[in-house]
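Visitor: To be precise about what I am sending: the file is called start.txt and holds compact mmCIF, C-alpha atoms.
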# COMPACT_ATOMS: atom_id res chain seq x y z
CA MET A 17 111.79 77.65 81.01
CA THR A 18 111.52 74.15 82.36
CA MET A 19 108.36 72.09 81.94
CA ASP A 20 107.65 72.37 85.69
CA ALA A 21 107.78 76.17 85.56
CA THR A 22 105.48 76.19 82.51
CA LEU A 23 102.99 73.95 84.30
CA ALA A 24 103.16 76.04 87.48
CA GLY A 25 102.46 79.20 85.45
CA HIS A 26 99.42 77.70 83.72
CA LEU A 27 98.07 76.23 86.95
CA GLN A 28 98.34 79.64 88.60
CA GLU A 29 96.45 81.24 85.70
CA LEU A 30 93.72 78.62 85.95
CA ARG A 31 93.34 78.89 89.73
CA ARG A 32 93.27 82.66 89.80
CA GLY A 33 89.81 83.72 90.91
CA THR A 34 88.80 80.38 92.41
CA VAL A 35 89.71 81.64 95.89
CA VAL A 36 87.07 84.38 95.57
CA VAL A 37 84.32 81.86 94.74
CA ALA A 38 85.50 79.53 97.50
CA SER A 39 85.69 82.30 100.13
CA LEU A 40 82.25 83.69 99.29
CA THR A 41 80.85 80.16 99.46
CA VAL A 42 82.51 79.22 102.76
CA LEU A 43 81.66 82.52 104.47
CA ARG A 44 77.92 81.92 104.18
CA THR A 45 78.61 80.79 107.75
CA PRO A 46 80.61 83.57 109.44
CA GLY A 47 84.35 82.99 109.84
CA TYR A 48 87.55 84.85 110.62
CA GLY A 49 90.74 85.08 108.59
CA TYR A 50 92.71 82.18 110.02
CA SER A 51 89.69 79.83 110.16
CA LEU A 52 88.95 80.50 106.49
CA LEU A 53 92.61 79.89 105.61
CA GLU A 54 92.43 76.52 107.37
CA THR A 55 89.12 75.55 105.74
CA LEU A 56 90.36 76.45 102.28
CA SER A 57 93.66 74.62 102.59
CA ARG A 58 91.86 71.53 103.96
CA ALA A 59 89.54 71.72 100.95
CA GLY A 60 92.56 71.74 98.63
CA PHE A 61 92.78 75.44 97.72
CA GLU A 62 96.37 76.58 97.67
CA VAL A 63 96.08 80.05 99.10
CA GLU A 64 98.58 82.02 101.13
CA ALA A 65 97.77 84.15 104.17
CA ASN A 66 99.32 87.26 102.60
CA THR A 67 96.93 86.94 99.64
CA LEU A 68 93.81 85.91 101.55
CA TYR A 69 93.77 88.58 104.29
CA PRO A 70 93.98 91.56 101.91
CA LEU A 71 91.47 89.80 99.61
CA LEU A 72 88.90 89.63 102.44
CA ARG A 73 89.14 93.36 103.00
CA ARG A 74 88.81 94.01 99.28
CA LEU A 75 85.67 91.85 99.05
CA GLU A 76 84.31 93.74 102.05
CA ALA A 77 85.01 97.08 100.37
CA GLN A 78 83.12 95.79 97.31
CA GLY A 79 80.12 94.99 99.51
CA LEU A 80 80.37 91.23 98.93
CA LEU A 81 81.31 90.54 102.56
CA THR A 82 80.37 92.26 105.78
CA SER A 83 82.42 92.11 108.96
CA GLU A 84 81.88 92.31 112.68
CA TRP A 85 84.31 92.23 115.60
CA ASN A 86 83.57 89.40 118.03
CA THR A 87 84.95 90.27 121.45
CA ASP A 88 83.22 87.48 123.39
CA GLU A 89 86.33 85.34 123.47
CA THR A 90 89.71 86.27 124.98
CA ARG A 91 91.10 87.01 121.54
CA PRO A 92 88.93 89.50 119.62
CA ARG A 93 88.48 88.37 116.00
CA LYS A 94 87.02 89.97 112.94
CA PHE A 95 84.28 87.74 111.55
CA TYR A 96 83.33 88.00 107.89
CA ARG A 97 79.99 86.94 106.41
CA THR A 98 78.86 86.83 102.77
CA THR A 99 76.24 89.47 101.98
CA GLU A 100 73.22 88.90 99.76
CA GLN A 101 75.04 90.67 96.98
CA GLY A 102 78.07 88.47 97.60
CA GLU A 103 75.94 85.33 97.52
CA ALA A 104 74.34 86.40 94.24
CA LEU A 105 77.74 87.06 92.73
CA ALA A 106 79.10 83.74 94.00
CA GLU A 107 76.09 81.99 92.48
CA THR A 108 76.86 83.56 89.09
CA LEU A 109 80.53 82.63 89.37
CA ARG A 110 79.70 79.04 90.32
CA GLY A 111 77.33 78.89 87.32
CA GLU A 112 80.11 80.11 85.05
CA TRP A 113 82.49 77.56 86.55
CA ALA A 114 80.00 74.77 85.82
CA ARG A 115 79.43 76.06 82.30
CA LEU A 116 83.18 76.12 81.58
CA ASN A 117 83.54 72.63 83.02
CA THR A 118 80.80 71.31 80.73
CA ALA A 119 82.21 73.20 77.75
CA ILE A 120 85.66 71.75 78.26
CA GLY A 121 84.14 68.30 78.66
CA ASP A 122 82.22 68.76 75.39
CA LEU A 123 85.37 69.89 73.59
CA SER A 124 87.18 66.74 74.66
CA ASP A 125 84.21 64.61 73.54
CA GLU A 126 84.01 66.43 70.19
CA ARG A 127 87.65 65.74 69.53
CA LEU A 128 87.06 62.12 70.39
CA ASP A 129 84.02 62.00 68.06
CA ALA A 130 86.01 63.70 65.29
CA ALA A 131 88.83 61.21 65.70
CA ILE A 132 86.37 58.31 65.47
CA GLY A 133 84.75 59.98 62.44
CA ASP A 134 88.14 60.25 60.67
CA LEU A 135 88.86 56.66 61.47
CA SER A 136 85.56 55.39 60.01
CA THR A 137 85.93 57.57 56.86
CA GLY A 138 89.44 56.23 56.51
CA THR A 139 88.16 52.69 56.68
CA THR A 140 85.46 53.38 54.07
CA LEU A 141 88.02 54.93 51.68
CA GLY A 142 90.30 52.02 52.33
CA SER A 143 87.63 49.47 51.49
CA GLU A 144 86.74 51.32 48.25
CA LYS A 145 90.28 50.90 46.94
CA MET B 19 112.23 95.84 123.65
CA THR B 20 109.86 95.15 120.81
CA ASN B 21 109.24 91.55 119.79
CA LEU B 22 109.24 90.10 116.29
CA VAL B 23 105.46 90.33 115.82
CA ASP B 24 105.46 94.01 116.79
CA ARG B 25 108.31 94.73 114.43
CA TYR B 26 106.52 92.88 111.60
CA VAL B 27 103.17 94.61 112.16
CA PHE B 28 104.74 98.07 112.51
CA THR B 29 106.74 97.59 109.30
CA ALA B 30 103.66 96.50 107.36
CA LEU B 31 101.29 99.11 108.76
CA ARG B 32 103.42 102.21 108.42
CA ARG B 33 102.72 102.02 104.69
CA ILE B 34 98.93 101.67 105.11
CA PRO B 35 96.56 104.67 104.98
CA GLU B 36 95.94 105.91 108.49
CA GLN B 37 92.16 105.42 108.63
CA GLN B 38 92.57 101.67 108.00
CA ARG B 39 95.58 101.19 110.26
CA ALA B 40 93.97 100.47 113.66
CA ASP B 41 91.57 97.89 112.24
CA ILE B 42 94.18 96.05 110.17
CA ASP B 43 96.57 96.14 113.16
CA ARG B 44 94.07 94.32 115.35
CA GLU B 45 93.05 91.84 112.69
CA LEU B 46 96.59 91.06 111.52
CA ARG B 47 97.77 90.45 115.09
CA ALA B 48 94.82 88.13 115.77
CA SER B 49 95.54 86.20 112.55
CA ILE B 50 99.22 85.88 113.43
CA GLU B 51 98.41 84.70 116.97
CA ASP B 52 95.91 82.15 115.60
CA ALA B 53 98.53 80.73 113.26
CA VAL B 54 101.16 80.68 116.03
CA ASP B 55 98.78 78.91 118.41
CA ALA B 56 98.00 76.28 115.79
CA ARG B 57 101.73 75.61 115.35
CA VAL B 58 102.35 75.48 119.11
CA GLU B 59 99.51 72.98 119.45
CA ALA B 60 101.16 70.90 116.74
CA GLY B 61 104.24 70.74 118.95
CA GLU B 62 106.50 73.60 117.85
CA SER B 63 108.14 75.92 120.35
CA ARG B 64 106.52 79.34 120.54
CA GLU B 65 109.59 81.09 119.24
CA ALA B 66 109.91 78.81 116.23
CA ALA B 67 106.16 79.11 115.56
CA VAL B 68 106.37 82.92 115.45
CA GLU B 69 109.35 82.80 113.11
CA THR B 70 107.69 80.35 110.69
CA THR B 71 104.39 82.23 110.70
CA LEU B 72 105.99 85.60 109.94
CA THR B 73 108.28 84.08 107.33
CA GLU B 74 105.24 82.59 105.58
CA LEU B 75 103.47 85.95 105.64
CA GLY B 76 106.49 87.26 103.73
CA ASP B 77 107.79 90.74 102.94
CA PRO B 78 105.69 93.17 105.04
CA GLU B 79 105.94 95.88 102.40
CA ARG B 80 104.41 93.56 99.83
CA LEU B 81 101.65 92.74 102.30
CA ALA B 82 101.07 96.47 102.81
CA ASP B 83 100.80 96.97 99.02
CA ARG B 84 98.16 94.24 98.89
CA TYR B 85 96.19 95.70 101.80
CA ALA B 86 96.28 99.16 100.26
CA GLY B 87 95.51 97.82 96.78
CA ARG B 88 98.61 99.48 95.33
CA PRO B 89 99.98 98.11 92.07
CA ALA B 90 103.31 96.30 92.47
CA TYR B 91 104.62 97.73 89.21
CA LEU B 92 105.56 101.15 87.86
CA ILE B 93 103.63 101.08 84.57
CA GLY B 94 101.09 98.35 83.90
CA PRO B 95 100.42 96.46 80.65
CA GLU B 96 97.62 98.88 79.65
CA LEU B 97 99.86 101.93 79.62
CA PHE B 98 103.16 100.28 78.71
CA PRO B 99 102.73 100.30 74.88
CA VAL B 100 101.67 103.97 74.94
CA TRP B 101 104.65 104.81 77.17
CA ARG B 102 107.05 102.96 74.86
CA ARG B 103 105.70 104.60 71.69
CA LEU B 104 105.78 108.11 73.16
CA LEU B 105 109.28 107.69 74.56
CA LYS B 106 110.56 106.35 71.24
CA ILE B 107 109.10 109.31 69.33
CA LEU B 108 110.52 111.82 71.81
CA LEU B 109 113.99 110.25 71.80
CA TRP B 110 114.07 110.29 68.00
CA THR B 111 112.78 113.84 67.57
CA VAL B 112 113.26 116.08 70.60
CA LEU B 113 116.64 114.65 71.60
CA PRO B 114 118.44 115.27 68.26
CA ILE B 115 116.88 118.72 67.92
CA VAL B 116 117.93 119.85 71.40
CA VAL B 117 121.44 118.43 71.01
CA THR B 118 121.85 120.04 67.57
CA VAL B 119 120.70 123.42 68.89
CA GLY B 120 123.15 123.04 71.78
CA VAL B 121 126.02 122.31 69.37
CA VAL B 122 125.15 125.31 67.17
CA VAL B 123 125.01 127.60 70.21
CA GLN B 124 128.39 126.26 71.36
CA ILE B 125 129.86 126.93 67.90
CA PHE B 126 128.71 130.54 68.13
CA GLU B 127 129.98 131.03 71.65
CA ASP B 128 133.31 129.24 71.61
CA PRO B 129 134.19 127.06 68.62
CA ASN B 130 136.53 124.68 70.42
CA ILE B 131 136.25 121.16 69.00
CA GLY B 132 136.71 119.55 72.42
CA LYS B 133 133.99 121.68 74.00
CA ILE B 134 131.64 121.01 71.08
CA ILE B 135 132.02 117.21 71.35
CA GLY B 136 131.88 117.32 75.15
CA GLY B 137 128.76 119.48 75.06
CA ALA B 138 127.08 117.18 72.54
CA VAL B 139 127.80 114.06 74.61
CA SER B 140 126.73 115.59 77.92
CA GLY B 141 123.64 117.10 76.25
CA LEU B 142 122.74 113.70 74.81
CA ILE B 143 122.98 112.05 78.25
CA THR B 144 121.31 114.85 80.25
CA VAL B 145 118.42 115.50 77.87
CA GLY B 146 117.93 111.75 77.30
CA ALA B 147 117.79 111.08 81.04
CA HIS B 148 115.36 113.97 81.59
CA LEU B 149 113.06 112.75 78.80
CA CYS B 150 113.02 109.18 80.15
CA PHE B 151 112.52 110.32 83.74
CA TRP B 152 109.70 112.81 83.23
CA VAL B 153 107.76 110.68 80.75
CA THR B 154 108.02 107.67 83.08
CA LEU B 155 107.02 109.76 86.09
CA VAL B 156 103.89 111.07 84.35
CA PHE B 157 102.90 107.54 83.31
CA ALA B 158 103.57 106.13 86.80
CA ILE B 159 101.32 108.82 88.29
CA ALA B 160 98.65 108.13 85.67
CA GLU B 161 98.87 104.43 86.57
CA ARG B 162 98.39 105.16 90.29
CA THR B 163 95.56 107.65 89.86
CA ASN B 164 93.75 105.41 87.34
CA THR B 165 93.82 108.23 84.79
CA PRO B 166 92.32 106.87 81.60
CA VAL B 167 95.07 107.33 79.02
CA LYS B 168 93.23 105.97 76.06
CA VAL B 169 94.86 105.89 72.68
CA ASN B 170 92.32 104.53 70.28
CA TRP B 171 93.95 102.33 67.75
CA SER B 172 92.16 101.87 64.45
CA LEU B 173 92.91 100.31 61.07
CA LYS B 174 93.84 103.75 59.76
CA ASP B 175 96.99 103.63 61.90
CA LEU B 176 98.46 100.76 59.90
CA PRO B 177 101.43 101.79 57.73
CA ARG B 178 100.82 101.48 53.97
CA TYR B 179 104.04 99.70 52.94
CA GLU B 180 103.80 100.83 49.32
CA ALA B 181 106.73 99.16 47.67
CA GLN B 182 109.42 101.41 46.17
CA ARG B 183 107.26 104.47 46.53
CA ALA B 184 109.49 107.48 47.07
CA GLY B 185 107.63 109.20 49.88
CA LEU B 186 106.98 112.83 50.63
CA GLY B 187 108.99 112.50 53.86
CA GLN B 188 112.01 111.31 51.89
CA MET B 189 111.80 114.33 49.58
CA LEU B 190 111.38 116.82 52.41
CA THR B 191 114.28 115.31 54.37
CA GLY B 192 116.48 115.55 51.28
CA VAL B 193 115.57 119.17 50.53
CA VAL B 194 115.98 120.26 54.16
CA TRP B 195 119.43 118.64 54.25
CA VAL B 196 120.44 120.52 51.10
CA VAL B 197 119.26 123.84 52.53
CA LEU B 198 121.12 123.19 55.81
CA LEU B 199 124.34 122.26 53.98
CA ILE B 200 124.25 125.41 51.84
CA ALA B 201 123.48 127.55 54.89
CA ALA B 202 126.34 125.95 56.83
CA LEU B 203 128.78 126.46 53.93
CA VAL B 204 127.87 130.14 53.54
CA LEU B 205 127.56 130.97 57.24
CA GLN B 206 130.86 129.40 58.29
CA GLN B 207 132.57 132.06 56.18
CA PHE B 208 131.02 134.90 58.17
CA THR B 209 129.58 134.01 61.54
CA PHE B 210 130.52 130.77 63.30
CA THR B 211 134.19 131.49 63.91
CA ASP B 212 136.50 134.50 63.80
CA VAL B 213 138.54 132.79 61.10
CA PRO B 214 136.46 130.66 58.63
CA LEU B 215 136.75 126.91 59.11
CA LEU B 216 136.93 126.10 55.39
CA ASP B 217 139.47 127.46 52.96
CA PRO B 218 138.19 130.86 51.65
CA ALA B 219 140.39 130.50 48.57
CA ASN B 220 137.82 128.03 47.20
CA TRP B 221 135.16 130.73 46.96
CA SER B 222 136.72 131.61 43.61
CA PHE B 223 135.56 128.29 42.18
CA TRP B 224 134.88 125.16 44.23
CA TRP B 225 132.47 126.42 46.87
CA PRO B 226 130.09 127.97 44.29
CA VAL B 227 130.29 124.70 42.34
CA MET B 228 129.38 122.79 45.51
CA ILE B 229 126.41 125.08 46.13
CA ALA B 230 125.26 124.60 42.54
CA LEU B 231 125.55 120.82 42.96
CA PHE B 232 123.56 120.97 46.20
CA VAL B 233 120.81 122.91 44.44
CA LEU B 234 120.78 120.31 41.67
CA ARG B 235 120.48 117.69 44.37
CA ALA B 236 117.37 119.41 45.75
CA PHE B 237 115.82 119.36 42.26
CA TYR B 238 116.76 115.69 42.05
CA TYR B 239 114.80 114.92 45.24
CA VAL B 240 111.72 116.76 43.92
CA TRP B 241 112.04 114.98 40.58
CA VAL B 242 112.26 111.53 42.21
CA TYR B 243 109.22 112.33 44.35
CA ARG B 244 107.16 113.35 41.33
CA LEU B 245 108.33 110.29 39.43
CA GLY B 246 107.15 108.23 42.38
CA ALA B 247 109.59 105.37 41.88
CA THR B 248 113.29 104.60 41.77
CA THR B 249 113.87 103.86 38.10
CA ARG B 250 117.10 103.04 36.30
CA THR B 251 117.38 106.66 35.13
CA VAL B 252 117.10 107.79 38.74
CA ALA B 253 119.95 105.46 39.70
CA VAL B 254 122.16 106.83 36.90
CA VAL B 255 121.38 110.48 37.71
CA ASN B 256 122.01 109.79 41.38
CA ALA B 257 125.37 108.20 40.59
CA VAL B 258 126.43 111.14 38.38
CA LEU B 259 125.37 113.72 40.99
CA THR B 260 127.03 111.84 43.81
CA VAL B 261 130.33 111.45 41.97
CA ALA B 262 130.10 115.11 40.93
CA TRP B 263 130.24 116.32 44.53
CA ALA B 264 132.24 113.48 46.09
CA ALA B 265 135.18 113.51 43.66
CA PRO B 266 136.09 117.23 43.99
CA LEU B 267 135.56 117.01 47.74
CA VAL B 268 137.99 114.09 48.04
CA TRP B 269 140.48 115.92 45.83
CA LEU B 270 140.19 119.09 47.97
CA LEU B 271 140.65 117.08 51.16
CA ALA B 272 143.54 115.01 49.81
CA SER B 273 145.44 118.10 48.61
CA ASP B 274 144.70 119.87 51.95
CA ARG B 275 142.68 122.64 50.29
CA PHE B 276 139.47 121.92 52.18
CA PHE B 277 140.13 123.39 55.63
CA ASN B 278 141.37 126.94 56.10
CA PRO B 279 145.13 126.82 56.91
CA ALA B 280 144.59 129.93 59.01
CA PHE B 281 142.01 128.24 61.21
CA GLN B 282 143.66 127.51 64.55
CA GLY B 283 140.89 125.51 66.23
CA PHE B 284 142.52 122.16 65.43
CA LEU B 285 145.84 123.07 67.06
CA ASP B 286 144.41 122.13 70.44
CA LEU B 287 144.50 118.49 69.44
CA ASP B 288 147.45 116.21 68.73
CA GLY B 289 150.08 118.93 68.32
CA GLY B 290 148.68 120.46 65.15
CA ASN B 291 148.40 117.28 63.10
CA ALA B 292 144.64 117.23 63.75
CA ARG B 293 143.90 118.80 60.35
CA GLY B 294 145.64 115.89 58.63
CA TRP B 295 143.53 113.41 60.59
CA MET B 296 140.35 115.35 59.86
CA ASN B 297 141.20 115.26 56.13
CA THR B 298 141.78 111.50 56.16
CA GLY B 299 138.67 110.84 58.23
CA LEU B 300 136.46 112.96 56.01
CA ILE B 301 137.83 111.32 52.84
CA ALA B 302 136.89 107.91 54.25
CA LEU B 303 133.45 109.22 55.26
CA VAL B 304 132.77 110.79 51.85
CA VAL B 305 133.95 107.74 49.88
CA VAL B 306 131.97 105.25 52.00
CA GLY B 307 128.87 107.48 52.08
CA ALA B 308 128.92 108.11 48.32
CA ALA B 309 129.51 104.44 47.48
CA TRP B 310 126.70 103.41 49.84
CA ASP B 311 124.29 105.90 48.27
CA ILE B 312 125.11 104.88 44.69
CA ILE B 313 124.89 101.12 45.39
CA ASP B 314 121.73 101.43 47.52
CA THR B 315 119.91 103.46 44.86
CA ALA B 316 121.09 101.12 42.10
CA LEU B 317 119.84 98.07 44.03
CA ARG B 318 116.49 99.72 44.64
CA ALA B 319 116.19 100.61 40.94
CA GLU B 320 117.00 97.01 40.01
CA ARG B 321 114.34 95.74 42.41
CA THR B 322 111.77 98.09 40.90
CA ARG B 323 112.68 96.99 37.38
CA ARG B 324 112.21 93.34 38.24
CA GLY B 325 109.10 94.13 40.26
CA LEU B 326 110.63 92.50 43.33
CA PRO B 327 109.19 93.15 46.77
CA GLY B 328 110.74 95.80 48.98
CA LYS B 329 111.77 95.48 52.59
CA VAL B 330 109.59 96.13 55.59
CA PRO B 331 111.29 98.96 57.50
CA GLY B 332 112.55 98.18 60.98
CA THR B 333 113.05 94.46 60.49
CA GLY B 334 116.70 94.45 59.48
CA GLY B 335 115.77 93.73 55.86
CA SER B 336 114.82 90.07 56.30
CA TYR B 337 111.08 90.64 55.89
CA ASP B 338 109.67 91.41 52.41
CA PHE B 339 106.46 92.90 51.22
CA SER B 340 105.19 93.21 47.73
Kindly return the structure encoded in the file as structure tokens.

Guide:
Amino acid sequence: MTMDATLAGHLQELRRGTVVVASLTVLRTPGYGYSLLETLSRAGFEVEANTLYPLLRRLEAQGLLTSEWNTDETRPRKFYRTTEQGEALAETLRGEWARLNTAIGDLSDERLDAAIGDLSTGTTLGSEK
Amino acid sequence: MTNLVDRYVFTALRRIPEQQRADIDRELRASIEDAVDARVEAGESREAAVETTLTELGDPERLADRYAGRPAYLIGPELFPVWRRLLKILLWTVLPIVVTVGVVVQIFEDPNIGKIIGGAVSGLITVGAHLCFWVTLVFAIAERTNTPVKVNWSLKDLPRYEAQRAGLGQMLTGVVWVVLLIAALVLQQFTFTDVPLLDPANWSFWWPVMIALFVLRAFYYVWVYRLGATTRTVAVVNAVLTVAWAAPLVWLLASDRFFNPAFQGFLDLDGGNARGWMNTGLIALVVVGAAWDIIDTALRAERTRRGLPGKVPGTGGSYDFS
């Protein structure tokens, strides 16, 4: 496996699930499939139509989204909106995301602190000799 | 004439449950048209926009699987280890039993060496394929119906790996083999074939000696089990017993006194010289088998004496435990 393929695999693992949080967040104002796809890709979420459209229906089946056909315009579109339940779930997920972000930040800091600690101990030992 | 979008939507939706079809049809078409319009606005021709949009949506059957929430695999990671373990057990137990029974039945019905080998091979393939197919089918259905196939693993399931311990299984296998060999030797005289396969002249001396040696062998297995370890004495007794049956057998084969000269079953092959080939082949088999057994037991005894670790089974002998 090349390095690029390894990276792509890990990135995919990391991004899995972010589309759900993003969709539930965006759809607090009602939107239809293609509009959401556009919004997400503008916001930097790499999501494909063939993943997003079935996902919307699944979230609806889980009661996190509700839908309504809008036939006012020439092209009838199915508009999705985040339910209360969906908003609560999204809130929890966003909280978890923030927690993980902090935790990873702390880990990096700890390693830095540990490295500095080693360095200073090393210096002390060195000066004792 | 149907256009590309129609063809795409029809292909995707024919594999969607009927009650969802109308709604998804409408929504999917609207989404496709939205994407096409956006591309046309960006300056593409309508035709090119449709082609790109549908190509990006990808394989319609995959899209249908995603809409219907169907798994895109036969057996998922939860069930796979259970499936593999079960299939392995079945292929190692049921398959040999069925094939052996088939061979025995064939020997009773029509003891033709060609038919026996042919039956064994075709039985191996047919029964093997059936086992694989049905087990896989059941697991694939369980996967799709979300049947909880839960095999609780616990620490008790770990093998013990007691070094050099001669197990109960080993003893039973040995004794069963001895019983089968004696039964085969006695029964071939009376039942399997019209004319006995092995030379009846040997009943005056060598066949009873062989049976006596087999019985001794059974006692040997019991003795080793009760001893619980492969000691040096065990290695010596094993060597003596092995030579005791292998040497006369080789002599009988080499002097063409093993097979019954009146048995005509071999004449079907190679113009009657088949008996000669069988003799040579069996001599090689007996010599190699006996040498292997003697050396293997001696090595194990040596390892026990030095208190060296044994081998973890199933690793090709490169992985020790102590």

Visitor: Mind pulling up the distance from CA of Ser140 (chain B) to CA of Pro99 (chain B)?

Guide: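 CA of Ser140 (chain B) lies 28.6 Å from CA of Pro99 (chain B).
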
Visitor: Near chain A, which residues of chain B fall within 6 Å when you count only C-alpha atoms, and what do they look like as an MDAnalysis selection string?

Guide: chainID B and resid 49 75 81 84:85

Visitor: Would you kindly return, as a ChimeraX atom specification, each protein, DNA or RNA residue with an atom no farther than 9 Å from any atom of Gln124 (chain B), considering all atoms listed in the file and excluding same-chain residues fewer than 4 positions away?

Guide: /B:119-120,128-130,133-134,137

Visitor: Need the shell around Ile200 (chain B): protein/DNA/RNA residues with any atom at most 12 Å away, counting all atoms listed in the file. Skip same-chain ones fewer than 6 positions apart. Format as a list in words?

Guide: Val193, Val194, Gln206, Gln207, Trp225, Pro226, Val227, Met228, Ile229, Ala230, Leu231, Phe232, Val233, Leu234, Arg235 and Ala236 of chain B

Visitor: Could you state the separation of CA of Thr90 (chain A) and CA of Glu62 (chain B) in Å, given to one decimal place?

Guide: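 So the two atoms, CA of Thr90 (chain A) and CA of Glu62 (chain B), lie 22.2 Å apart.
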
Visitor: Tell me which of A:Ala119, A:Leu40, A:Leu109, A:Ala131 sits closest to Leu81 (chain A), counting all atoms listed in the file.

Guide: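 Checking each candidate against Leu81 (chain A), we get A:Leu40 as the closest.
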